[in-house]
file query_0.cif (mmCIF, C-alpha atoms)
data_my_file
#
loop_
_atom_site.label_atom_id
_atom_site.label_comp_id
_atom_site.auth_asym_id
_atom_site.auth_seq_id
_atom_site.Cartn_x
_atom_site.Cartn_y
_atom_site.Cartn_z
CA MET B 1 0.00 0.00 0.00
CA THR B 2 1.60 3.26 -1.14
CA SER B 3 0.52 6.53 0.29
CA GLU B 4 0.39 9.38 -2.18
CA GLN B 5 1.37 12.74 -0.83
CA PRO B 6 -0.32 15.82 -2.26
CA PRO B 7 1.94 17.81 -4.57
CA ASN B 8 3.81 20.68 -2.99
CA PRO B 9 2.10 23.89 -4.19
CA MET B 10 5.36 25.85 -4.15
CA ALA B 11 7.08 23.23 -6.31
CA GLN B 12 4.13 23.25 -8.72
CA ALA B 13 4.16 27.03 -8.96
CA LEU B 14 7.90 27.06 -9.65
CA ARG B 15 7.54 24.32 -12.26
CA PHE B 16 4.68 26.15 -14.03
CA TRP B 17 6.58 29.44 -13.90
CA THR B 18 9.68 27.77 -15.40
CA GLU B 19 7.64 26.11 -18.15
CA SER B 20 5.94 29.36 -19.08
CA TRP B 21 9.27 31.20 -19.38
CA GLN B 22 10.71 28.34 -21.43
CA ASN B 23 7.70 28.53 -23.76
CA ALA B 24 8.15 32.29 -24.05
CA ALA B 25 11.84 31.82 -24.81
CA GLY B 26 10.90 29.32 -27.51
CA GLN B 27 8.56 31.88 -29.06
CA PHE B 28 11.30 34.51 -28.85
CA ALA B 29 13.77 32.20 -30.60
CA ASN B 30 11.46 32.05 -33.64
CA LEU B 31 11.72 35.79 -34.30
CA PRO B 32 13.95 36.90 -37.19
CA PHE B 33 17.23 38.30 -35.91
CA PRO B 34 18.59 40.83 -36.26
CA PHE B 35 15.47 42.96 -36.22
CA PRO B 36 15.00 44.81 -39.50
CA PHE B 37 16.42 48.08 -38.22
CA PRO B 38 18.60 50.16 -40.49
CA ALA B 39 22.17 50.73 -39.49
CA PRO B 40 22.46 53.91 -37.40
CA GLY B 41 24.73 55.79 -39.80
CA ALA B 42 23.05 54.73 -43.04
CA ALA B 43 19.55 55.96 -42.20
CA ALA B 44 20.78 59.28 -40.90
CA ALA B 45 22.87 59.96 -43.99
CA ALA B 46 20.16 58.88 -46.43
CA ASP B 47 17.20 60.70 -44.90
CA GLY B 48 19.03 63.67 -43.45
CA GLU B 49 17.77 62.81 -39.93
CA ASP B 50 19.56 64.12 -36.96
CA LEU B 51 20.55 61.83 -34.12
CA GLU B 52 17.45 62.59 -32.01
CA GLN B 53 15.04 61.79 -34.86
CA GLN B 54 16.87 58.58 -35.62
CA ALA B 55 16.82 57.53 -31.96
CA ARG B 56 13.12 58.31 -31.69
CA ARG B 57 12.31 56.35 -34.88
CA THR B 58 14.46 53.43 -33.77
CA PHE B 59 12.74 53.39 -30.38
CA ASP B 60 9.30 53.46 -32.05
CA GLU B 61 10.24 50.53 -34.29
CA TRP B 62 11.70 48.64 -31.34
CA LEU B 63 8.55 49.27 -29.31
CA ALA B 64 6.32 48.15 -32.18
CA GLY B 65 8.37 44.96 -32.57
CA TRP B 66 8.12 44.09 -28.88
CA SER B 67 4.42 44.97 -28.81
CA THR B 68 3.76 42.61 -31.70
CA PHE B 69 5.84 39.88 -30.10
CA LEU B 70 4.12 40.20 -26.74
CA GLU B 71 0.65 40.34 -28.28
CA GLU B 72 1.31 37.14 -30.25
CA THR B 73 2.93 35.41 -27.29
CA LEU B 74 0.37 36.37 -24.65
CA GLN B 75 -2.56 35.47 -26.90
CA SER B 76 -1.28 31.95 -27.44
CA SER B 77 -3.03 29.07 -25.71
CA GLU B 78 0.22 28.10 -23.95
CA ALA B 79 0.52 31.53 -22.30
CA VAL B 80 -3.12 31.47 -21.19
CA ALA B 81 -2.73 27.95 -19.80
CA ALA B 82 0.47 28.90 -17.98
CA GLY B 83 -1.22 31.96 -16.51
CA GLY B 84 -4.14 29.83 -15.34
CA ARG B 85 -1.87 27.24 -13.77
CA THR B 86 0.15 29.96 -12.03
CA LEU B 87 -2.99 31.61 -10.66
CA ASP B 88 -4.32 28.25 -9.49
CA ALA B 89 -1.04 27.45 -7.74
CA GLN B 90 -0.99 30.90 -6.11
CA LEU B 91 -4.53 30.46 -4.81
CA ASN B 92 -3.69 26.98 -3.51
CA ILE B 93 -0.84 28.54 -1.54
CA GLU B 94 -2.82 31.56 -0.36
CA LYS B 95 -5.89 29.72 0.96
CA PRO B 96 -4.13 27.65 3.66
CA LEU B 97 -2.15 30.72 4.73
CA ARG B 98 -5.33 32.74 5.10
CA GLU B 99 -7.00 29.94 7.09
CA ARG B 100 -4.00 29.53 9.41
CA THR B 101 -3.80 33.28 9.96
CA ALA B 102 -7.50 33.41 10.86
CA ALA B 103 -7.10 30.49 13.29
CA ARG B 104 -4.11 32.14 14.97
CA MET B 105 -5.93 35.47 15.26
CA GLN B 106 -8.88 33.68 16.85
CA TYR B 107 -6.55 32.00 19.35
CA TRP B 108 -4.82 35.25 20.30
CA LEU B 109 -8.07 37.16 20.61
CA GLU B 110 -9.37 34.51 22.98
CA PHE B 111 -6.07 34.51 24.88
CA MET B 112 -6.20 38.30 25.29
CA ASN B 113 -9.89 38.05 26.28
CA MET B 114 -10.95 40.23 23.36
CA PRO B 115 -14.01 39.67 21.17
CA SER B 116 -13.47 38.02 17.84
CA ARG B 117 -14.84 39.33 14.58
CA ARG B 118 -17.69 36.83 14.80
CA ASP B 119 -18.51 38.02 18.34
CA LEU B 120 -18.56 41.66 17.21
CA ILE B 121 -20.79 40.86 14.26
CA ARG B 122 -23.20 38.96 16.52
CA ALA B 123 -23.32 41.84 19.06
CA LEU B 124 -23.80 44.47 16.36
CA SER B 125 -26.55 42.40 14.76
CA GLN B 126 -28.38 42.21 18.09
CA LEU B 127 -27.92 45.96 18.58
CA ASN B 128 -29.34 46.66 15.11
CA ASP B 129 -32.33 44.39 15.86
CA ALA B 130 -32.96 46.27 19.14
CA ASN B 131 -32.76 49.63 17.29
CA ALA B 132 -35.25 48.40 14.71
CA ARG B 133 -37.66 47.35 17.47
CA LEU B 134 -37.27 50.73 19.19
CA ASP B 135 -38.03 52.52 15.92
CA LEU B 136 -41.19 50.43 15.52
CA LEU B 137 -42.24 51.14 19.10
CA GLN B 138 -41.62 54.87 18.59
CA LEU B 139 -43.84 54.83 15.51
CA GLN B 140 -46.61 53.03 17.42
CA VAL B 141 -46.37 55.48 20.35
CA GLU B 142 -46.62 58.43 17.94
CA GLN B 143 -49.71 56.89 16.35
CA LEU B 144 -51.27 56.35 19.77
CA LEU B 145 -50.49 59.96 20.79
CA ASP B 146 -52.15 61.21 17.58
CA GLN B 147 -55.24 59.10 18.35
CA VAL B 148 -55.36 60.38 21.96
CA ALA B 149 -55.05 63.97 20.72
CA GLY B 150 -57.88 63.38 18.26
CA LEU B 151 -60.10 61.85 20.93
CA THR B 152 -59.31 64.70 23.33
CA ALA B 153 -60.28 67.27 20.70
CA LEU B 154 -63.48 65.36 19.96
CA LEU B 155 -64.32 65.22 23.70
CA ARG B 156 -63.75 68.99 24.07
CA ASP B 157 -66.01 69.69 21.09
CA ARG B 158 -68.78 67.56 22.59
CA GLN B 159 -68.41 69.20 25.99
CA GLY B 160 -68.49 72.64 24.38
CA GLU B 161 -71.69 71.79 22.52
CA SER B 162 -73.36 70.48 25.67
CA HIS B 163 -72.66 73.73 27.60
CA THR B 164 -74.24 75.96 24.96
#

call {"tool": "encode", "arguments": {"input": "query_0.cif", "output": "structure tokens"}}
result
Amino acid sequence: MTSEQPPNPMAQALRFWTESWQNAAGQFANLPFPFPFPAPGAAAAADGEDLEQQARRTFDEWLAGWSTFLEETLQSSEAVAAGGRTLDAQLNIEKPLRERTAARMQYWLEFMNMPSRRDLIRALSQLNDANARLDLLQLQVEQLLDQVAGLTALLRDRQGESHT
């Protein structure tokens, strides 16, 4: 009987990260080198560009080349799969950490005799319920006061009619 151990999330994340960079390097290796940039001196002499214009044009071409490369690479199914695997591995690492942190916080709050988040939520919920009941009672008292005022006015009118 062999006991299988669950895979180490850190090792999986590292493996997926390495694979994704290797795939990206493979995509990069397929690009034509050197990039089709003109030689620095030739373009300047032919077009009459100064050094700043040539540098700006070269940068724009370089940026366009990298943008195209990254768009093609990141839209590939391998890049999407690697991103998904990396996110999954990160979440598998993060969840146990979050649970352990919550358990430790609960322990220390109990140790320091302080209310936990759950205790505060329960107390605030009860306080909100009591406030809602008080609001309802206030509304009922106001209605009763209005009825008493109406009856008092009616009684005064009847007593005034009987005296005349």

call {"tool": "atom_distance", "arguments": {"input": "query_0.cif", "atom1": "atom CA of B:Ser77", "atom2": "atom CA of B:Asn92"}}
result
22.3 Å

call {"tool": "closest_residue", "arguments": {"input": "query_0.cif", "among": "B:Gln54, B:Gln143, B:Thr152, B:Asn23", "to": "B:Ser76", "atoms": "all atoms listed in the file"}}
result
B:Asn23

call {"tool": "residues_around", "arguments": {"input": "query_0.cif", "residues": "B:Gln106", "least_positions_apart": "6", "cutoff": "12 Å", "atoms": "all atoms listed in the file", "output": "ChimeraX atom specification"}}
result
/B:99-100,112-119

call {"tool": "closest_residue", "arguments": {"input": "query_0.cif", "among": "B:Thr68, B:Thr73, B:Gln138, B:Ser125", "to": "B:Trp21", "atoms": "all atoms listed in the file"}}
result
B:Thr73

call {"tool": "residues_near_point", "arguments": {"input": "query_0.cif", "point": "(5.6, 26.6, -12.3)", "cutoff": "9 Å", "atoms": "all atoms listed in the file", "output": "VMD selection string"}}
result
chain B and resid 10 to 20 82 85 to 86 89

call {"tool": "atom_distance", "arguments": {"input": "query_0.cif", "atom1": "atom CA of B:Leu74", "atom2": "atom CA of B:Leu87"}}
result
15.2 Å

call {"tool": "decode", "arguments": {"input": "query_0.cif", "residues": "stretch 58-124 of chain B", "atoms": "C-alpha atoms", "output": "mmCIF file, in the first residue's frame"}}
result
data_model
loop_
_atom_site.group_PDB
_atom_site.id
_atom_site.type_symbol
_atom_site.label_atom_id
_atom_site.label_comp_id
_atom_site.auth_asym_id
_atom_site.auth_seq_id
_atom_site.Cartn_x
_atom_site.Cartn_y
_atom_site.Cartn_z
ATOM 1 C CA THR B 58 14.460 53.433 -33.767
ATOM 2 C CA PHE B 59 12.738 53.387 -30.385
ATOM 3 C CA ASP B 60 9.304 53.460 -32.048
ATOM 4 C CA GLU B 61 10.239 50.526 -34.288
ATOM 5 C CA TRP B 62 11.703 48.643 -31.340
ATOM 6 C CA LEU B 63 8.548 49.273 -29.308
ATOM 7 C CA ALA B 64 6.320 48.153 -32.179
ATOM 8 C CA GLY B 65 8.366 44.959 -32.569
ATOM 9 C CA TRP B 66 8.124 44.091 -28.883
ATOM 10 C CA SER B 67 4.420 44.974 -28.807
ATOM 11 C CA THR B 68 3.756 42.613 -31.699
ATOM 12 C CA PHE B 69 5.837 39.877 -30.102
ATOM 13 C CA LEU B 70 4.116 40.196 -26.736
ATOM 14 C CA GLU B 71 0.646 40.335 -28.280
ATOM 15 C CA GLU B 72 1.312 37.145 -30.248
ATOM 16 C CA THR B 73 2.933 35.409 -27.287
ATOM 17 C CA LEU B 74 0.365 36.367 -24.654
ATOM 18 C CA GLN B 75 -2.563 35.469 -26.896
ATOM 19 C CA SER B 76 -1.283 31.946 -27.435
ATOM 20 C CA SER B 77 -3.028 29.068 -25.705
ATOM 21 C CA GLU B 78 0.222 28.104 -23.948
ATOM 22 C CA ALA B 79 0.519 31.533 -22.298
ATOM 23 C CA VAL B 80 -3.125 31.466 -21.193
ATOM 24 C CA ALA B 81 -2.725 27.946 -19.801
ATOM 25 C CA ALA B 82 0.470 28.896 -17.979
ATOM 26 C CA GLY B 83 -1.219 31.964 -16.512
ATOM 27 C CA GLY B 84 -4.142 29.833 -15.340
ATOM 28 C CA ARG B 85 -1.867 27.245 -13.770
ATOM 29 C CA THR B 86 0.155 29.959 -12.030
ATOM 30 C CA LEU B 87 -2.994 31.610 -10.663
ATOM 31 C CA ASP B 88 -4.317 28.246 -9.493
ATOM 32 C CA ALA B 89 -1.040 27.454 -7.744
ATOM 33 C CA GLN B 90 -0.992 30.897 -6.109
ATOM 34 C CA LEU B 91 -4.525 30.463 -4.815
ATOM 35 C CA ASN B 92 -3.690 26.981 -3.515
ATOM 36 C CA ILE B 93 -0.836 28.536 -1.536
ATOM 37 C CA GLU B 94 -2.816 31.555 -0.364
ATOM 38 C CA LYS B 95 -5.887 29.722 0.960
ATOM 39 C CA PRO B 96 -4.131 27.647 3.659
ATOM 40 C CA LEU B 97 -2.147 30.719 4.732
ATOM 41 C CA ARG B 98 -5.332 32.737 5.104
ATOM 42 C CA GLU B 99 -6.998 29.942 7.089
ATOM 43 C CA ARG B 100 -4.002 29.535 9.407
ATOM 44 C CA THR B 101 -3.805 33.282 9.963
ATOM 45 C CA ALA B 102 -7.500 33.413 10.862
ATOM 46 C CA ALA B 103 -7.101 30.493 13.292
ATOM 47 C CA ARG B 104 -4.107 32.143 14.971
ATOM 48 C CA MET B 105 -5.926 35.467 15.256
ATOM 49 C CA GLN B 106 -8.881 33.683 16.852
ATOM 50 C CA TYR B 107 -6.549 31.996 19.345
ATOM 51 C CA TRP B 108 -4.816 35.250 20.298
ATOM 52 C CA LEU B 109 -8.067 37.164 20.608
ATOM 53 C CA GLU B 110 -9.371 34.505 22.984
ATOM 54 C CA PHE B 111 -6.068 34.506 24.876
ATOM 55 C CA MET B 112 -6.198 38.301 25.288
ATOM 56 C CA ASN B 113 -9.887 38.054 26.280
ATOM 57 C CA MET B 114 -10.954 40.230 23.356
ATOM 58 C CA PRO B 115 -14.012 39.672 21.165
ATOM 59 C CA SER B 116 -13.470 38.023 17.840
ATOM 60 C CA ARG B 117 -14.839 39.329 14.575
ATOM 61 C CA ARG B 118 -17.689 36.827 14.795
ATOM 62 C CA ASP B 119 -18.511 38.019 18.343
ATOM 63 C CA LEU B 120 -18.560 41.655 17.210
ATOM 64 C CA ILE B 121 -20.793 40.862 14.256
ATOM 65 C CA ARG B 122 -23.199 38.956 16.520
ATOM 66 C CA ALA B 123 -23.322 41.835 19.062
ATOM 67 C CA LEU B 124 -23.804 44.471 16.355
#
